[in-house]
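Data from my_file.csv: CSV, C-alpha atoms and all ligand atoms
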chain,number,residue,atom,x,y,z
A,1,MET,CA,26.6,-33.5,12.7
A,2,THR,CA,24.0,-31.5,14.6
A,3,SER,CA,20.5,-31.0,13.3
A,4,SER,CA,21.3,-27.4,12.4
A,5,GLU,CA,24.2,-28.6,10.2
A,6,ALA,CA,22.0,-30.9,8.1
A,7,ALA,CA,23.5,-32.5,5.0
A,8,PRO,CA,23.7,-29.9,2.2
A,9,THR,CA,20.8,-29.9,-0.2
A,10,ALA,CA,20.8,-28.3,-3.6
A,11,ARG,CA,19.3,-25.2,-1.9
A,12,SER,CA,21.5,-25.0,1.1
A,13,ARG,CA,24.7,-25.3,-1.0
A,14,VAL,CA,24.0,-21.9,-2.5
A,15,PRO,CA,26.4,-19.8,-0.4
A,16,PHE,CA,25.7,-16.4,1.2
A,17,VAL,CA,28.1,-13.7,0.2
A,18,THR,CA,29.4,-11.3,2.9
A,19,VAL,CA,28.4,-7.7,2.4
A,20,PRO,CA,31.0,-5.2,3.7
A,21,LEU,CA,29.9,-3.4,6.9
A,22,ARG,CA,29.7,0.2,5.7
A,23,PRO,CA,28.8,3.3,7.6
A,24,ARG,CA,25.0,3.2,8.2
A,25,PHE,CA,25.2,-0.6,7.7
A,26,PHE,CA,21.4,-0.9,7.9
A,27,GLN,CA,20.9,1.1,4.8
A,28,ALA,CA,24.2,0.7,3.0
A,29,SER,CA,24.9,-3.0,3.7
A,30,ALA,CA,21.4,-4.5,4.2
A,31,TYR,CA,17.6,-4.3,3.7
A,32,PHE,CA,16.3,-3.2,7.0
A,33,PRO,CA,12.6,-2.5,7.1
A,34,MET,CA,11.8,0.8,8.7
A,35,PRO,CA,8.5,2.7,9.2
A,36,ILE,CA,7.5,5.7,7.1
A,37,VAL,CA,6.0,8.2,9.6
A,38,LEU,CA,5.0,11.8,9.3
A,39,LEU,CA,6.5,14.0,12.0
A,40,ALA,CA,4.5,17.0,13.1
A,41,THR,CA,6.3,19.9,14.8
A,42,ARG,CA,5.5,23.6,15.2
A,43,GLY,CA,7.6,26.3,13.8
A,44,PRO,CA,8.5,29.5,15.8
A,45,ASP,CA,5.3,31.1,14.5
A,46,GLY,CA,3.2,28.1,15.6
A,47,ALA,CA,2.7,26.8,12.1
A,48,THR,CA,2.6,23.0,11.7
A,49,ASN,CA,5.4,21.4,9.8
A,50,LEU,CA,4.9,17.9,8.5
A,51,ALA,CA,7.9,15.8,7.2
A,52,PRO,CA,8.4,12.1,6.5
A,53,TYR,CA,10.9,10.2,8.5
A,54,SER,CA,12.1,6.6,8.7
A,55,LEU,CA,14.9,6.6,11.2
A,56,CYS,CA,12.5,6.4,14.1
A,57,PHE,CA,12.7,3.4,16.3
A,58,PRO,CA,11.5,2.2,19.7
A,59,HIS,CA,14.2,2.4,22.4
A,60,VAL,CA,13.7,-0.1,25.1
A,61,ARG,CA,14.5,0.8,28.8
A,62,ASP,CA,13.2,-0.5,32.0
A,63,GLU,CA,11.6,2.8,32.9
A,64,GLY,CA,9.3,4.7,30.6
A,65,HIS,CA,8.5,4.4,26.9
A,66,PHE,CA,11.0,5.9,24.4
A,67,MET,CA,11.7,6.4,20.7
A,68,VAL,CA,14.9,7.3,19.0
A,69,LEU,CA,14.9,9.7,16.1
A,70,VAL,CA,17.8,10.6,13.7
A,71,THR,CA,17.5,13.6,11.4
A,72,ARG,CA,19.7,15.7,9.2
A,73,SER,CA,21.2,18.7,11.1
A,74,ALA,CA,19.5,21.1,8.7
A,75,SER,CA,16.0,19.7,9.2
A,76,LYS,CA,13.2,22.0,10.3
A,77,THR,CA,11.8,19.1,12.3
A,78,ALA,CA,15.0,18.9,14.3
A,79,THR,CA,15.1,22.7,14.9
A,80,ASN,CA,11.4,22.8,15.9
A,81,LEU,CA,11.8,19.8,18.2
A,82,ALA,CA,14.9,21.2,19.9
A,83,ARG,CA,13.1,24.5,20.6
A,84,SER,CA,9.6,23.3,21.6
A,85,GLY,CA,10.5,19.9,23.0
A,86,ARG,CA,7.5,18.2,21.3
A,87,VAL,CA,6.8,16.1,18.2
A,88,SER,CA,3.9,13.9,17.1
A,89,ILE,CA,4.8,10.7,15.2
A,90,ASN,CA,2.0,9.9,12.8
A,91,PHE,CA,1.7,6.4,11.3
A,92,ILE,CA,-0.1,7.0,8.0
A,93,PRO,CA,-1.7,4.0,6.1
A,94,ASP,CA,0.0,2.4,3.1
A,95,LYS,CA,-1.9,4.4,0.5
A,96,ALA,CA,-0.3,5.4,-2.8
A,97,GLU,CA,-1.8,8.9,-2.5
A,98,TYR,CA,-0.4,9.4,1.0
A,99,LEU,CA,3.1,8.1,0.1
A,100,ASP,CA,3.2,10.3,-3.0
A,101,ASN,CA,2.3,13.3,-0.8
A,102,ALA,CA,4.9,12.2,1.9
A,103,ARG,CA,7.5,12.5,-0.9
A,104,LEU,CA,6.4,16.1,-1.6
A,105,LEU,CA,6.6,16.9,2.1
A,106,SER,CA,10.2,15.7,2.1
A,107,ALA,CA,11.2,18.6,-0.2
A,108,ALA,CA,13.6,21.0,1.4
A,109,LEU,CA,11.2,24.0,1.2
A,110,PRO,CA,9.9,26.6,3.7
A,111,THR,CA,7.1,25.2,5.8
A,112,ALA,CA,4.4,27.3,4.2
A,113,ASP,CA,5.3,26.2,0.7
A,114,LYS,CA,5.5,22.6,1.7
A,115,MET,CA,2.3,22.6,3.7
A,116,ALA,CA,0.4,24.2,0.8
A,117,GLN,CA,0.8,20.8,-1.0
A,118,SER,CA,-0.2,18.6,1.9
A,119,VAL,CA,-3.2,16.3,1.5
A,120,PHE,CA,-3.3,15.7,5.3
A,121,SER,CA,-5.6,17.3,7.8
A,122,CYS,CA,-4.6,18.1,11.4
A,123,LEU,CA,-6.4,17.7,14.7
A,124,PRO,CA,-5.4,19.6,17.8
A,125,SER,CA,-3.6,17.8,20.5
A,126,GLU,CA,-4.9,17.6,24.1
A,127,LEU,CA,-1.5,17.9,25.6
A,128,ALA,CA,0.0,21.0,27.3
A,129,PRO,CA,2.0,23.5,25.2
A,130,GLY,CA,5.7,22.9,24.5
A,131,ARG,CA,8.5,24.5,26.5
A,132,ASP,CA,8.5,27.6,24.1
A,133,GLY,CA,4.8,28.1,24.8
A,134,SER,CA,3.7,26.8,21.3
A,135,ALA,CA,0.7,24.5,21.2
A,136,ALA,CA,1.5,20.8,21.2
A,137,PRO,CA,2.0,19.5,17.6
A,138,PRO,CA,-1.3,18.4,16.0
A,139,LEU,CA,-2.3,14.8,15.1
A,140,VAL,CA,-2.6,13.9,11.5
A,141,ALA,CA,-6.3,12.9,11.1
A,142,GLU,CA,-5.5,10.2,8.4
A,143,ALA,CA,-3.1,8.4,10.7
A,144,ILE,CA,-3.8,4.9,12.1
A,145,GLN,CA,-2.1,5.9,15.3
A,146,VAL,CA,-0.1,8.8,16.7
A,147,PHE,CA,2.7,8.8,19.3
A,148,GLU,CA,2.8,12.2,21.1
A,149,CYS,CA,6.3,12.6,22.3
A,150,LYS,CA,8.4,15.0,24.4
A,151,LEU,CA,12.2,15.5,24.0
A,152,VAL,CA,14.3,13.9,26.7
A,153,GLU,CA,17.9,14.1,25.3
A,154,ALA,CA,19.5,15.4,22.1
A,155,SER,CA,23.0,15.0,20.7
A,156,ALA,CA,24.5,16.0,17.4
A,157,ASN,CA,27.5,15.6,15.1
A,158,ALA,CA,28.3,17.6,12.0
A,159,ASP,CA,25.8,15.8,9.8
A,160,GLU,CA,22.9,14.6,12.0
A,161,GLN,CA,21.0,15.0,15.2
A,162,ARG,CA,19.9,12.2,17.5
A,163,PHE,CA,16.9,12.6,19.8
A,164,LEU,CA,15.6,10.5,22.6
A,165,LEU,CA,11.9,11.0,22.9
A,166,GLU,CA,9.5,9.9,25.6
A,167,VAL,CA,6.1,8.7,24.4
A,168,GLU,CA,3.6,10.6,26.4
A,169,ALA,CA,0.4,9.2,24.7
A,170,ILE,CA,-0.6,6.9,22.0
A,171,ARG,CA,-3.8,7.9,20.1
A,172,MET,CA,-5.4,5.4,17.8
A,173,GLN,CA,-8.4,5.2,15.5
A,174,PRO,CA,-11.2,3.5,17.4
A,175,TYR,CA,-11.5,0.7,14.8
A,176,TRP,CA,-7.8,-0.2,15.0
A,177,ALA,CA,-7.8,0.1,18.8
A,178,ARG,CA,-10.6,-2.6,18.8
A,179,VAL,CA,-8.6,-4.7,16.4
A,180,LEU,CA,-5.5,-4.4,18.7
A,181,GLU,CA,-7.4,-5.5,21.8
A,182,SER,CA,-9.1,-8.4,20.0
A,183,GLY,CA,-5.8,-9.7,18.6
A,184,ARG,CA,-7.0,-9.6,15.0
A,185,PRO,CA,-4.6,-8.8,12.1
A,186,GLY,CA,-3.5,-5.2,12.1
A,187,PRO,CA,-3.4,-2.4,9.6
A,188,ARG,CA,-1.3,-2.1,6.5
A,189,LEU,CA,1.5,0.4,7.3
A,190,PRO,CA,4.2,1.5,4.8
A,191,VAL,CA,7.7,0.3,5.2
A,192,ASP,CA,10.9,1.3,3.4
A,193,TYR,CA,14.5,0.3,3.4
A,194,GLY,CA,15.9,3.6,4.3
A,195,PHE,CA,15.9,7.1,2.9
A,196,ARG,CA,18.4,7.8,0.1
A,197,ARG,CA,17.1,10.7,-1.9
A,198,ALA,CA,13.6,12.2,-2.1
A,199,THR,CA,13.0,10.3,-5.3
A,200,ALA,CA,14.7,7.1,-4.3
A,201,SER,CA,13.4,5.9,-1.0
A,202,TRP,CA,13.0,2.1,-1.2
A,203,MET,CA,9.4,1.7,-0.3
A,204,THR,CA,8.1,-1.8,-0.1
A,205,ARG,CA,4.6,-2.4,-1.6
A,206,PRO,CA,3.0,-5.8,-1.1
A,207,ARG,CA,2.7,-7.7,-4.4
A,208,VAL,CA,-0.6,-9.0,-5.7
A,209,VAL,CA,-0.1,-12.7,-6.4
A,210,ALA,CA,-2.6,-14.2,-8.7
A,211,SER,CA,-2.9,-17.2,-11.0
A,212,GLY,CA,-4.9,-18.2,-14.0
A,213,PRO,CA,-5.7,-16.5,-17.3
A,214,ARG,CA,-4.4,-13.0,-16.8
A,215,LEU,CA,-7.4,-11.2,-18.1
A,216,ARG,CA,-9.5,-12.4,-15.2
A,217,PRO,CA,-6.9,-13.8,-12.7
A,218,ARG,CA,-8.0,-16.0,-9.9
A,219,PHE,CA,-6.6,-16.5,-6.4
A,220,THR,CA,-7.4,-18.7,-3.4
A,221,LEU,CA,-7.0,-17.8,0.2
A,222,ALA,CA,-7.4,-19.9,3.3
A,223,VAL,CA,-8.3,-18.5,6.8
A,224,GLU,CA,-8.9,-20.1,10.1
A,225,ARG,CA,-12.3,-18.5,10.6
A,226,THR,CA,-15.8,-19.8,9.8
A,227,PRO,CA,-17.3,-18.6,6.6
A,228,GLU,CA,-19.9,-16.6,8.7
A,229,ALA,CA,-17.1,-14.8,10.5
A,230,VAL,CA,-15.4,-14.0,7.2
A,231,LEU,CA,-18.6,-12.6,5.7
A,232,GLU,CA,-19.2,-10.5,8.9
A,233,ASP,CA,-15.7,-9.1,8.7
A,234,PHE,CA,-16.3,-8.0,5.2
A,235,ARG,CA,-19.7,-6.4,6.1
A,236,GLU,CA,-18.0,-4.5,9.0
A,237,ALA,CA,-15.0,-3.4,6.8
A,238,LEU,CA,-17.3,-2.2,4.0
A,239,ALA,CA,-19.5,-0.3,6.5
A,240,ARG,CA,-16.5,1.8,7.8
A,241,SER,CA,-16.7,5.4,6.8
A,242,ASP,CA,-13.1,5.4,5.7
A,243,ALA,CA,-13.5,2.2,3.5
A,244,GLU,CA,-11.6,2.7,0.3
A,245,VAL,CA,-13.7,0.1,-1.5
A,246,ILE,CA,-17.4,-0.3,-2.0
A,247,GLY,CA,-19.2,-3.7,-2.2
A,248,LYS,CA,-22.0,-6.0,-1.3
A,249,VAL,CA,-22.2,-9.3,0.6
A,250,ARG,CA,-24.8,-11.5,-1.0
A,251,GLY,CA,-25.2,-14.9,0.6
A,252,ALA,CA,-21.7,-16.4,0.4
A,253,VAL,CA,-20.5,-14.1,-2.4
A,254,ILE,CA,-18.8,-10.7,-1.9
A,255,GLN,CA,-18.6,-8.2,-4.7
A,256,LEU,CA,-16.0,-5.5,-4.4
A,257,ALA,CA,-15.4,-2.4,-6.6
A,258,MET,CA,-13.9,1.1,-6.5
A,259,PRO,CA,-16.0,4.0,-5.3
A,260,ARG,CA,-18.0,5.5,-8.1
A,261,ALA,CA,-16.1,8.8,-8.2
A,262,GLN,CA,-12.9,6.8,-8.9
A,263,THR,CA,-14.4,4.4,-11.4
A,264,THR,CA,-13.0,4.5,-15.0
A,265,THR,CA,-13.5,2.1,-17.9
A,266,TRP,CA,-10.5,0.2,-16.7
A,267,SER,CA,-11.4,0.0,-13.1
A,268,PRO,CA,-11.3,-3.6,-11.8
A,269,THR,CA,-13.8,-5.5,-9.6
A,270,ILE,CA,-13.2,-8.5,-7.3
A,271,ASP,CA,-15.7,-11.3,-6.7
A,272,LEU,CA,-15.1,-13.6,-3.7
A,273,SER,CA,-16.9,-16.8,-2.9
A,274,VAL,CA,-16.5,-18.1,0.6
A,275,GLU,CA,-16.8,-21.8,1.3
A,276,ALA,CA,-16.5,-23.9,4.4
A,277,ALA,CA,-13.2,-25.9,4.8
A,278,PRO,CA,-11.9,-28.2,7.5
A,279,HIS,CA,-9.5,-25.5,8.7
A,280,GLY,CA,-12.1,-22.7,8.6
A,281,ALA,CA,-12.9,-21.1,5.2
A,282,THR,CA,-11.5,-21.0,1.7
A,283,ILE,CA,-12.0,-17.9,-0.3
A,284,TYR,CA,-12.0,-18.2,-4.1
A,285,GLY,CA,-11.4,-14.8,-5.7
A,286,ARG,CA,-11.5,-13.5,-9.2
A,287,ILE,CA,-10.2,-10.1,-10.4
A,288,GLY,CA,-11.9,-8.9,-13.5
A,289,PRO,CA,-13.2,-5.8,-15.4
A,290,GLN,CA,-16.6,-4.3,-14.6
A,291,PRO,CA,-19.4,-6.6,-15.9
A,292,GLN,CA,-20.4,-4.2,-18.7
A,293,VAL,CA,-16.8,-3.8,-19.9
A,294,TRP,CA,-16.3,-7.6,-19.8
A,295,THR,CA,-19.6,-8.1,-21.8
A,296,THR,CA,-18.4,-5.5,-24.4
A,297,PHE,CA,-15.1,-7.3,-24.9
A,298,MET,CA,-16.8,-10.7,-25.2
A,299,PHE,CA,-19.3,-9.2,-27.7
A,300,PHE,CA,-16.4,-7.9,-29.9
A,301,HIS,CA,-14.6,-11.3,-29.7
A,302,LEU,CA,-17.9,-13.1,-30.6
A,303,VAL,CA,-18.6,-10.8,-33.5
A,304,ILE,CA,-15.1,-11.2,-34.8
A,305,ALA,CA,-15.2,-15.0,-34.3
A,306,MET,CA,-18.5,-15.3,-36.1
A,307,LEU,CA,-17.2,-13.2,-39.0
A,308,GLY,CA,-14.1,-15.4,-39.2
A,309,ILE,CA,-16.1,-18.7,-39.2
A,310,GLY,CA,-18.6,-17.2,-41.6
A,311,GLY,CA,-15.8,-16.1,-44.0
A,312,LEU,CA,-14.1,-19.5,-43.7
A,313,MET,CA,-17.3,-21.4,-44.5
A,314,TRP,CA,-18.2,-19.0,-47.3
A,315,GLY,CA,-14.7,-19.3,-48.8
A,316,LEU,CA,-14.7,-23.1,-48.6
A,317,GLY,CA,-18.2,-23.3,-50.1
A,318,GLN,CA,-17.1,-21.1,-53.0
A,319,ALA,CA,-13.9,-23.0,-53.5
A,320,LEU,CA,-15.7,-26.4,-53.5
A,321,SER,CA,-18.2,-25.1,-56.1
A,322,GLY,CA,-15.2,-24.0,-58.3
A,323,GLY,CA,-15.4,-20.3,-57.4
A,324,SER,CA,-12.9,-17.9,-55.8
A,325,ALA,CA,-12.0,-18.6,-52.1
A,326,TRP,CA,-11.4,-14.9,-51.3
A,327,PRO,CA,-13.8,-14.9,-48.3
A,328,VAL,CA,-11.3,-17.1,-46.4
A,329,TRP,CA,-9.3,-13.8,-46.1
A,330,ILE,CA,-12.1,-12.6,-43.7
A,331,ALA,CA,-11.1,-15.5,-41.4
A,332,VAL,CA,-7.4,-14.7,-41.7
A,333,ALA,CA,-8.2,-11.0,-40.9
A,334,ALA,CA,-10.2,-12.0,-37.8
A,335,LEU,CA,-7.0,-13.3,-36.1
A,336,PRO,CA,-5.2,-9.9,-35.8
A,337,LEU,CA,-8.6,-8.4,-34.8
A,338,HIS,CA,-8.8,-10.8,-31.9
A,339,ALA,CA,-5.3,-10.0,-31.0
A,340,PHE,CA,-6.1,-6.3,-31.1
A,341,VAL,CA,-9.1,-6.6,-28.8
A,342,ALA,CA,-7.1,-8.8,-26.4
A,343,GLY,CA,-4.2,-6.3,-26.5
A,344,ALA,CA,-6.6,-3.5,-25.6
A,345,ALA,CA,-7.9,-5.5,-22.7
A,346,PHE,CA,-4.4,-6.2,-21.4
A,347,ILE,CA,-3.5,-2.5,-21.7
A,348,GLY,CA,-6.6,-1.6,-19.8
A,349,GLN,CA,-5.6,-4.1,-17.1
A,350,GLY,CA,-2.3,-2.3,-16.8
A,351,LEU,CA,-4.1,1.1,-16.5
A,352,GLY,CA,-6.2,-0.4,-13.7
A,353,ALA,CA,-3.2,-2.0,-11.9
A,354,GLU,CA,-3.1,0.5,-9.0
A,355,GLN,CA,-6.8,0.0,-8.3
A,356,THR,CA,-6.4,-3.7,-8.5
A,357,HIS,CA,-3.7,-3.4,-5.9
A,358,ARG,CA,-6.0,-1.4,-3.7
A,359,LEU,CA,-8.9,-3.9,-4.0
A,360,ARG,CA,-6.6,-6.8,-3.4
A,361,SER,CA,-5.0,-5.1,-0.4
A,362,PHE,CA,-8.5,-4.5,1.0
A,363,VAL,CA,-9.2,-8.2,0.8
A,364,ASP,CA,-5.9,-9.1,2.5
A,365,ASP,CA,-6.4,-6.5,5.2
A,366,VAL,CA,-9.9,-7.9,6.0
A,367,LEU,CA,-8.7,-11.4,6.0
A,368,GLY,CA,-5.3,-10.7,7.5
A,369,ALA,CA,-3.9,-12.9,4.7
A,401,LIG,C1,10.2,8.0,3.1
A,401,LIG,C2,11.2,9.0,3.6
A,401,LIG,C3,11.9,8.8,4.8
A,401,LIG,C4,12.8,9.7,5.3
A,401,LIG,N1,13.5,9.5,6.4
A,401,LIG,C5,14.3,10.4,6.9
A,401,LIG,C6,15.0,10.2,8.1
A,401,LIG,O1,14.9,9.1,8.8
A,401,LIG,N2,15.9,11.1,8.5
A,401,LIG,C7,16.1,12.3,7.8
A,401,LIG,O2,16.9,13.1,8.3
A,401,LIG,N3,15.5,12.5,6.7
A,401,LIG,C8,14.5,11.6,6.2
A,401,LIG,N4,13.9,11.9,5.1
A,401,LIG,C9,14.1,13.2,4.4
A,401,LIG,C10,13.3,14.3,5.1
A,401,LIG,O3,11.9,14.1,4.9
A,401,LIG,C11,13.7,15.6,4.3
A,401,LIG,O4,15.1,15.9,4.7
A,401,LIG,C12,12.8,16.7,4.6
A,401,LIG,O5,13.3,17.9,3.9
A,401,LIG,C13,12.8,17.1,6.1
A,401,LIG,O6,11.8,18.1,6.3
A,401,LIG,P1,11.9,19.1,7.4
A,401,LIG,O7,13.0,20.0,7.1
A,401,LIG,O8,10.6,19.8,7.4
A,401,LIG,O9,12.1,18.3,8.7
A,401,LIG,C14,13.0,10.9,4.6
A,401,LIG,C15,12.3,11.2,3.4
A,401,LIG,C16,11.4,10.2,2.9
A,401,LIG,C17,10.6,10.5,1.6

Now, as a test, write the supplied structure out as structure tokens.
Amino acid sequence: MTSSEAAPTARSRVPFVTVPLRPRFFQASAYFPMPIVLLATRGPDGATNLAPYSLCFPHVRDEGHFMVLVTRSASKTATNLARSGRVSINFIPDKAEYLDNARLLSAALPTADKMAQSVFSCLPSELAPGRDGSAAPPLVAEAIQVFECKLVEASANADEQRFLLEVEAIRMQPYWARVLESGRPGPRLPVDYGFRRATASWMTRPRVVASGPRLRPRFTLAVERTPEAVLEDFREALARSDAEVIGKVRGAVIQLAMPRAQTTTWSPTIDLSVEAAPHGATIYGRIGPQPQVWTTFMFFHLVIAMLGIGGLMWGLGQALSGGSAWPVWIAVAALPLHAFVAGAAFIGQGLGAEQTHRLRSFVDDVLGA
């Protein structure tokens, strides 16, 4: 028996099943992670058309730098690309707002109607015009990076078109260019498992994993960096003009919250405490409501608890002295009141879940966790 054929354990005895190899095996027979990019092209009138695409992969050859793109035959992107010979591939960050808008931009509508709903802003390209004389497609300002490409080869069948693109230039936000050169953990880019319908792309979203009492869940992260380096990374990330999160670094404690304009009663906060560890640093995190909301909930629980205890003692006192024990009912009534307040807190936690995800994603992005 070779080492790769180790004795079966309870886990290894669970068999794989064979999935039939269907047409478009990577979508129909498998989970194949693909990028979600916004392709910018120019229409015959020079207007910018943005549309989300996933079938867009590097194509490795000895000479040059290439991408392969697969589109529906009827797509405006394909028509514009075939005419002008140019497209920009914009890698947008994994933000719910951008992904929701990308879905809107996937609607089969005329360019003007679609672009009226776009939340993205465009920057002019520095490249020469396309072969039809139209300006090179713009760069999406919100993108982490943009590949500016020119068409090299095109082929088509009844349903789809396939393009071989040469990457002429890669533009990147300065912050992420520095991160790339220093070898630090990269940005959070969205991934899906293939396009099905505009409403049913399988987009992956990282899951927030936390433990402890759910009302103020805790989490622990370990990084191979000194506590000072961790604190400096948070200072730098919070100082960025495009930071989605506000916060303060005080000593070894980092307090994170949503920007004021987005703060509601149910908005979460995250407190992190950074401690030295043999491998580098351990970060202890706690997700909770804003301090004043937490205090209000605790106040309600305290008042209800005191009423309950008071009612219990009053009722017992009366019963012992031969009177009616009715005040005990106050204690009984306190239990559903506690449950009601706790229920409201859990509902509030659900309402703040998207913001919790954003805060936690920020932490993971800074730490590269
Ligand atoms: C996340 C996502 C990924 C998509 N990927 C592709 C793709 O790889 N190829 C394709 O033909 N359509 C894809 N679509 C659908 C196109 O966006 C859609 O057909 C759109 O109408 C094309 O716009 P256009 O005509 O402006 O090019 C995708 C849609 C979404 C939401």

**Study point:** Non-local contacts of stretch 325-333 of chain A (10 Å; all atoms listed in the file; under 6 positions in same chain excluded) as an MDAnalysis selection string
**Key:** chainID A and resid 304:319

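For ligand LIG 401 (chain A), the neighbouring polymer residues at 6 Å or closer are Ile36, Asn49, Ala51, Pro52, Tyr53, Ser54, Leu55, Val70, Thr71, Arg72, Ser75, Lys76, Thr77, Ala102, Arg103, Ser106, Ala107, Ala108, Phe195, Ala198 and Ser201 of chain A, all atoms listed in the file being used.
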
Study note, to complete from the structure: Closest of A:Glu153, A:Glu142, A:Asp242, A:Glu275 to A:Glu228, counting all atoms listed in the file, is A:Glu275

Review point. Hey, what's within 9 Å of stretch 177-185 of chain A if we count only C-alpha atoms and toss same-chain stuff fewer than 5 positions away? As a PyMOL selection string, please?
Key: chain A and resi 145+171-172+365-369

Review point. Using all atoms listed in the file, which of A:Ser84, A:Gln173, A:Thr48, A:Thr264 sits nearest A:Phe120?
Key: A:Thr48

Check your understanding: Residues at most 8 Å from A:Gln255, counting only C-alpha atoms, excluding those fewer than 3 positions away in the same chain, as a list in words?
Key ->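 Once the adjacent positions are removed, what remains is Gly247, Lys248, Val249, Arg250, Thr269, Ile270, Asp271 and Leu272 of chain A.
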
Review point. Could you tell me, as a list of chain:residue names, which residues have any atom at most 12 Å from (12.4, 17.2, 28.0), counting only C-alpha atoms?
Key: A:Phe66, A:Leu81, A:Ala82, A:Arg83, A:Ser84, A:Gly85, A:Arg86, A:Val87, A:Gly130, A:Arg131, A:Asp132, A:Cys149, A:Lys150, A:Leu151, A:Val152, A:Glu153, A:Ala154, A:Phe163, A:Leu164, A:Leu165, A:Glu166, A:Val167, A:Glu168

Review point. What separation in Å, quoted to one decimal, exists between atom CA of A:Glu232 and atom CA of A:Ala252?
Key: 10.6 Å

Within 12 Å of A:Ala276 using all atoms listed in the file, minus same-chain residues under 6 positions, as an mmCIF file with C-alpha atoms, in the frame of the given file:
data_model
loop_
_atom_site.group_PDB
_atom_site.id
_atom_site.type_symbol
_atom_site.label_atom_id
_atom_site.label_comp_id
_atom_site.auth_asym_id
_atom_site.auth_seq_id
_atom_site.Cartn_x
_atom_site.Cartn_y
_atom_site.Cartn_z
ATOM 1 C CA ALA A 222 -7.400 -19.900 3.300
ATOM 2 C CA VAL A 223 -8.300 -18.500 6.800
ATOM 3 C CA GLU A 224 -8.900 -20.100 10.100
ATOM 4 C CA ARG A 225 -12.300 -18.500 10.600
ATOM 5 C CA THR A 226 -15.800 -19.800 9.800
ATOM 6 C CA PRO A 227 -17.300 -18.600 6.600
ATOM 7 C CA GLU A 228 -19.900 -16.600 8.700
ATOM 8 C CA ALA A 229 -17.100 -14.800 10.500
ATOM 9 C CA VAL A 230 -15.400 -14.000 7.200
ATOM 10 C CA LEU A 231 -18.600 -12.600 5.700
ATOM 11 C CA ALA A 252 -21.700 -16.400 0.400
ATOM 12 C CA THR A 282 -11.500 -21.000 1.700
ATOM 13 C CA ILE A 283 -12.000 -17.900 -0.300
ATOM 14 C CA TYR A 284 -12.000 -18.200 -4.100
#

Check your understanding: If we count only C-alpha atoms, what is near stretch 352-359 of chain A at a cut-off of 6 Å, once residues fewer than 3 positions away on the same chain are taken out, given as number ranges by chain?
Key -> A: 266-268, 349, 362

Review point. Any idea what the distance is between atom CA of A:Leu139 and atom CA of A:Arg235?
Key: 28.9 Å

Check your understanding: Nearest to A:Pro291: which of A:Ala239, A:Ala257, A:Val14, A:Leu69 is it, counting all atoms listed in the file?
Key ->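 Ranking A:Ala239, A:Ala257, A:Val14, A:Leu69 by distance to A:Pro291, first place goes to A:Ala257.
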
Check your understanding: In file coordinates, which residues lie within 9 Å of (24.3, 11.9, 14.3) using only C-alpha atoms, given as number ranges by chain?
Key -> A: 70-73, 155-162

Write out, as a CSV table (one decimal), in the frame of the given file, the residues just selected, with C-alpha atoms.
chain,number,residue,atom,x,y,z
A,70,VAL,CA,17.8,10.6,13.7
A,71,THR,CA,17.5,13.6,11.4
A,72,ARG,CA,19.7,15.7,9.2
A,73,SER,CA,21.2,18.7,11.1
A,155,SER,CA,23.0,15.0,20.7
A,156,ALA,CA,24.5,16.0,17.4
A,157,ASN,CA,27.5,15.6,15.1
A,158,ALA,CA,28.3,17.6,12.0
A,159,ASP,CA,25.8,15.8,9.8
A,160,GLU,CA,22.9,14.6,12.0
A,161,GLN,CA,21.0,15.0,15.2
A,162,ARG,CA,19.9,12.2,17.5

Practice item. Rank A:Thr296, A:Asn80, A:Gln27, A:Ser361 by their smallest atom-to-atom distance to A:Ala342, using all atoms listed in the file, and report the top residue only. Key: A:Thr296

Exercise for review: Have a look at A:Leu351, A:Val293, A:Leu39, A:Ile170 and name the one nearest to A:Ile89; count all atoms listed in the file.
Suggested key: A:Leu39

Practice item. Using only C-alpha atoms, find the one residue out of A:Gly194, A:Gly285, A:Gly46, A:Pro217 that sits nearest to A:Pro138. Key: A:Gly46

Practice item. For atom CA of A:Ser121 and atom CA of A:Pro137, determine how far apart the two atoms are, in Å to one decimal place. Key: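 Between these atoms lies a distance of 12.6 Å.
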
Output stretch 243-248 of chain A as a PDB file, in the coordinates of the input, making sure N, CA and C atoms are there.
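Ended up saving to rebuild_22.pdb:
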ATOM      1  N   ALA A 243     -13.733   3.359   4.439  1.00  0.00           N
ATOM      2  CA  ALA A 243     -13.500   2.200   3.500  1.00  0.00           C
ATOM      3  C   ALA A 243     -13.123   2.763   2.146  1.00  0.00           C
ATOM      4  N   GLU A 244     -12.055   2.227   1.566  1.00  0.00           N
ATOM      5  CA  GLU A 244     -11.600   2.700   0.300  1.00  0.00           C
ATOM      6  C   GLU A 244     -12.296   1.998  -0.879  1.00  0.00           C
ATOM      7  N   VAL A 245     -13.130   1.054  -0.519  1.00  0.00           N
ATOM      8  CA  VAL A 245     -13.700   0.100  -1.500  1.00  0.00           C
ATOM      9  C   VAL A 245     -15.200   0.065  -1.213  1.00  0.00           C
ATOM     10  N   ILE A 246     -16.012  -0.102  -2.261  1.00  0.00           N
ATOM     11  CA  ILE A 246     -17.400  -0.300  -2.000  1.00  0.00           C
ATOM     12  C   ILE A 246     -17.741  -1.783  -2.342  1.00  0.00           C
ATOM     13  N   GLY A 247     -18.847  -2.283  -1.848  1.00  0.00           N
ATOM     14  CA  GLY A 247     -19.200  -3.700  -2.200  1.00  0.00           C
ATOM     15  C   GLY A 247     -20.408  -4.155  -1.472  1.00  0.00           C
ATOM     16  N   LYS A 248     -20.780  -5.376  -1.837  1.00  0.00           N
ATOM     17  CA  LYS A 248     -22.000  -6.000  -1.300  1.00  0.00           C
ATOM     18  C   LYS A 248     -21.633  -7.423  -0.849  1.00  0.00           C
TER      19      LYS A 248
END
